[in-house]
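Enquirer: Pasting a structure here, questions to come.
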Amino acid sequence: MYIEPDPHRGTVVLHSRWEDVILPFPAPNVLEAMRRMSLGPISLDNVIREEAERRELDAILDGLQHLVVRSFGFDPEQPLLSVVPLAQRARFRLPETPLVHPVRLSRFALIRTDGNNYHVESPLSLHRVILHRPEAMADIGPLIRPVVPSAIERDSQPVIAYLMAAGMVVQAVEGDPFQPMAFEEDTDPALVAWTPLDLMFHTRSTLGRHDHDFGATYPMGDKWSVEPVVKPGPERVLVDPGAERAPVALPRPKWGELLAVDPPLTTVVEASRHTRHYAERQLTADELGELLYRTARVRSLVGSPDESSTTSTSDRPYPSSGSSYELELYATVDRCADVPRGVYHYDPLRHRLEPIESAPADVDELLETGKVAANLNATPPVLLTITARFRRLSRKYNGLSYSLVLKNVGALTQTLSLVCTAMGLAACRLDSGDIEVTGRVFGLDWRVESSVGGFVVGHRPGPEPSRFSGRYAVNDAEWALRARAAIS
């Protein structure tokens, strides 16, 4: 916050990240206190001398709660803790009555260090508590489980009061003394389905409940390297075209032939469905090549023709935030004609599969992982693993980069699903994956590039039984049956 006095107009302007606030010109000591507060923690007693000045300052600060950082426990060097507001709606009120029921640390409170201080945050709170000195942890330690007020040391009581006002400590609700004690956050229907990490991820990857930098801020600047627009393949250089493990050039579909046989979009959308049953019949290289070409190839390089450029982007058949196209596809092939069994990276620029050195046991492990994740009746004919090169997004976006990765995975899997339906193939999206297994087999540092999704593709074993039994049709549900009949 920056304070700009304007004596000629008789006002003071407070500039903050949220707004500019114009106030009547206060008493000199009050203005001095506000100026010092804008520089960091202060003791108001060192500035405010008169009771009238204190009342004037309290009235001003009460209307500016979202701008006021409250600190407690001064020593000559630094306070014990500070409570920082994170949003305009943040309001801070210390408890007005003594504790009656047991208290504990909220199960949603997360503690971390920034290298200098401890930070206590909760997705349910509009404040952050900063613990400046190590001894503050001694006050929080006992709150690992409910503590009755009489067991709280006197010196710890003000610390707990600040933590309660910030929403980091919760008090048990009054109930039957012969029943286990209950806390409202444990029985609130709006909270029972959330884990602390999921709710924190939700609040920190959206706006409204935090004060972190957010959006296209390019937080990495020029300090750190960024992955190139097209990922270099494991055997792109000095490969022998006649070698057994040479890249597999995939067939490319022809535009006119696609237009002649593709069903209409509405038919594809209505007929699209995932299946957990696959025929023993192999996919063909033509089918796999057509699927990858129509869904994931590089259509053009944008900004530079250099595929190793770290600043250019690309254009591909599915949407991607900021045209970053951080997603990569790896194919684990079990049954596909003209493509040897094994693990491959898909080169979207050259439209080919680049072999990754792997043992048969690695292939088996990946396929079994896909079978379990998709709850299939057998190992998948072809398992497509989707990975993300995270810095392609995090170089540009602050706060929401990982959430954008997940949205982009959804866009890619939906494109894969629709094209599979148009081709008459069976498909199933994977909702989970093993980042340790994929990292080891693909030769990845999971912190830099990691599995974020998966997709199984093959042939249907035959007509599937109707999935409409036990359903109550609304809104033209028969369209799906008509669409599937048209495609079949």
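Going by the structure tokens order, chains are called A, B, ..., each with residues numbered from 1, while ligands are numbered from 1 in the order shown.
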Could you give me, as a list in words, the residues within 12 Å of Ile111 of chain A, counting only C-alpha atoms and dropping anything in the same chain fewer than 3 positions from it?
Expert: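 My reading of the contact set: Leu105, Ser106, Arg107, Phe108, Asp114, Asn117, Tyr118, His119, Val120, Glu121, Ser122, Arg128, Val129, Ile130, Leu131, Met137, Ile140, Gly141, Met168, Pro196 and Leu197 of chain A.
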Enquirer: Contacts of segment 56-71 of chain A at 9 Å or less, counting only C-alpha atoms, minus same-chain residues fewer than 2 places along, as a ChimeraX atom specification?
Expert: /A:1,16,21,23,26-27,30-31,33-34,37,40-42,48,51-54,73-74,79-92
Enquirer: Would you mind listing what lies within 12 Å of Ser150 of chain A as a PyMOL selection string, with only C-alpha atoms counted and same-chain residues fewer than 6 positions away left out?
Expert: chain A and resi 98-103+156-157
Enquirer: Those residues with N, CA and C atoms, as a PDB file, in the first residue's frame please?
Expert:
```pdb
ATOM      1  N   PRO A  98     -13.939 -15.555  26.314  1.00  0.00           N
ATOM      2  CA  PRO A  98     -12.913 -16.583  26.555  1.00  0.00           C
ATOM      3  C   PRO A  98     -13.317 -17.911  25.926  1.00  0.00           C
ATOM      4  N   LEU A  99     -12.314 -18.739  25.659  1.00  0.00           N
ATOM      5  CA  LEU A  99     -12.587 -20.060  25.118  1.00  0.00           C
ATOM      6  C   LEU A  99     -13.356 -20.901  26.129  1.00  0.00           C
ATOM      7  N   VAL A 100     -14.305 -21.666  25.596  1.00  0.00           N
ATOM      8  CA  VAL A 100     -15.117 -22.552  26.433  1.00  0.00           C
ATOM      9  C   VAL A 100     -14.900 -24.011  26.044  1.00  0.00           C
ATOM     10  N   HIS A 101     -14.861 -24.272  24.732  1.00  0.00           N
ATOM     11  CA  HIS A 101     -14.750 -25.641  24.235  1.00  0.00           C
ATOM     12  C   HIS A 101     -13.341 -25.912  23.722  1.00  0.00           C
ATOM     13  N   PRO A 102     -12.987 -27.186  23.561  1.00  0.00           N
ATOM     14  CA  PRO A 102     -11.658 -27.521  23.047  1.00  0.00           C
ATOM     15  C   PRO A 102     -11.400 -26.918  21.669  1.00  0.00           C
ATOM     16  N   VAL A 103     -10.127 -26.660  21.372  1.00  0.00           N
ATOM     17  CA  VAL A 103      -9.727 -26.093  20.086  1.00  0.00           C
ATOM     18  C   VAL A 103      -8.661 -26.992  19.458  1.00  0.00           C
ATOM     19  N   SER A 156       0.389 -18.647  25.401  1.00  0.00           N
ATOM     20  CA  SER A 156      -0.065 -19.127  24.094  1.00  0.00           C
ATOM     21  C   SER A 156      -1.464 -18.638  23.749  1.00  0.00           C
ATOM     22  N   GLN A 157      -2.203 -18.171  24.737  1.00  0.00           N
ATOM     23  CA  GLN A 157      -3.599 -17.811  24.496  1.00  0.00           C
ATOM     24  C   GLN A 157      -3.761 -16.685  23.461  1.00  0.00           C
TER      25      GLN A 157
END
```
Enquirer: Using the chain letters and numbers from this document, which residues of segment 150-353 of chain A does DSSP assign to strand (DSSP E or B), as a PyMOL selection string?
Expert: chain A and resi 169-171+173+182+215-216+248-249+283-284+300-302+313-315+327-333+336-337+342-347+352-353
Enquirer: Ala388 of chain A: which residues within 7 Å, counting only C-alpha atoms, same-chain residues fewer than 2 positions away excluded, as a list in words?
Expert: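 What passes the distance filter is Glu326, Leu327, Glu328, Ile386, Phe390, Glu449, Ser450, Ser451 and Val452 of chain A.
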Enquirer: Hey, what's within 9 Å of Val169 of chain A if we count only C-alpha atoms and toss same-chain stuff fewer than 3 positions away? As a count of residues only, please?
Expert: 14
Enquirer: Choose the residue, out of A:Thr266, A:Thr275, A:Asn46, A:Thr421, that has the smallest atom-to-atom separation from Leu376 of chain A; count only C-alpha atoms.
Expert: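 Nearest to Leu376 of chain A: A:Thr275.
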Enquirer: Please report, as a ChimeraX atom specification, each residue of segment 87-321 of chain A to which DSSP assigns helix (DSSP H, G or I) when run on this structure's backbone.
Expert: /A:136-144,149-151,154-165,184-187,196-204,255-261,265-271,285-296,321
Enquirer: Per residue of segment 99-207 of chain A within 9 Å of segment 400-404 of chain A, note the shortest atom pair and the distance in Å to one decimal, counting only C-alpha atoms, and order the rows by chain and increasing residue number, as a Markdown table.
Expert:
```
| residue | atom | partner | partner_atom | distance |
| --- | --- | --- | --- | --- |
| A:Phe201 | CA | A:Ser403 | CA | 8.5 |
| A:His202 | CA | A:Ser403 | CA | 8.6 |
| A:Arg204 | CA | A:Leu400 | CA | 7.6 |
| A:Ser205 | CA | A:Leu400 | CA | 4.5 |
| A:Thr206 | CA | A:Leu400 | CA | 7.0 |
```
Enquirer: Go ahead and write the selection's residues with C-alpha atoms as a PDB file, in the first residue's frame.
Expert:
```pdb
ATOM      1  CA  PHE A 201      -5.762 -26.110  -5.425  1.00  0.00           C
ATOM      2  CA  HIS A 202      -9.237 -24.896  -6.382  1.00  0.00           C
ATOM      3  CA  ARG A 204      -5.360 -20.892  -5.659  1.00  0.00           C
ATOM      4  CA  SER A 205      -5.998 -21.632  -9.334  1.00  0.00           C
ATOM      5  CA  THR A 206      -8.933 -19.205  -9.451  1.00  0.00           C
TER       6      THR A 206
END
```
Enquirer: For Gly322 of chain A, find every residue with an atom within 10 Å (counting only C-alpha atoms), except residues of its own chain fewer than 4 positions away, and show them as a ChimeraX atom specification.
Expert: /A:216,313-314,392-393,396-397,404
Enquirer: Suppose we keep C-alpha atoms; can you now write the selection as a tab-separated table (two decimals), in the first residue's frame?
Expert:
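result_0.tsv, freshly written:
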```tsv
chain	number	residue	atom	x	y	z
A	216	ALA	CA	-0.09	-14.23	-17.96
A	313	THR	CA	4.11	-21.61	-30.60
A	314	SER	CA	2.30	-24.08	-32.85
A	392	ARG	CA	5.61	-24.57	-21.64
A	393	LEU	CA	2.76	-23.14	-19.55
A	396	LYS	CA	3.77	-17.67	-19.03
A	397	TYR	CA	1.04	-18.24	-16.46
A	404	LEU	CA	-4.72	-25.18	-17.56
```
Enquirer: Pick from A:Val339, A:Val441, A:Val302, A:Val405: nearest to Pro319 of chain A, with only C-alpha atoms counted?
Expert: A:Val405
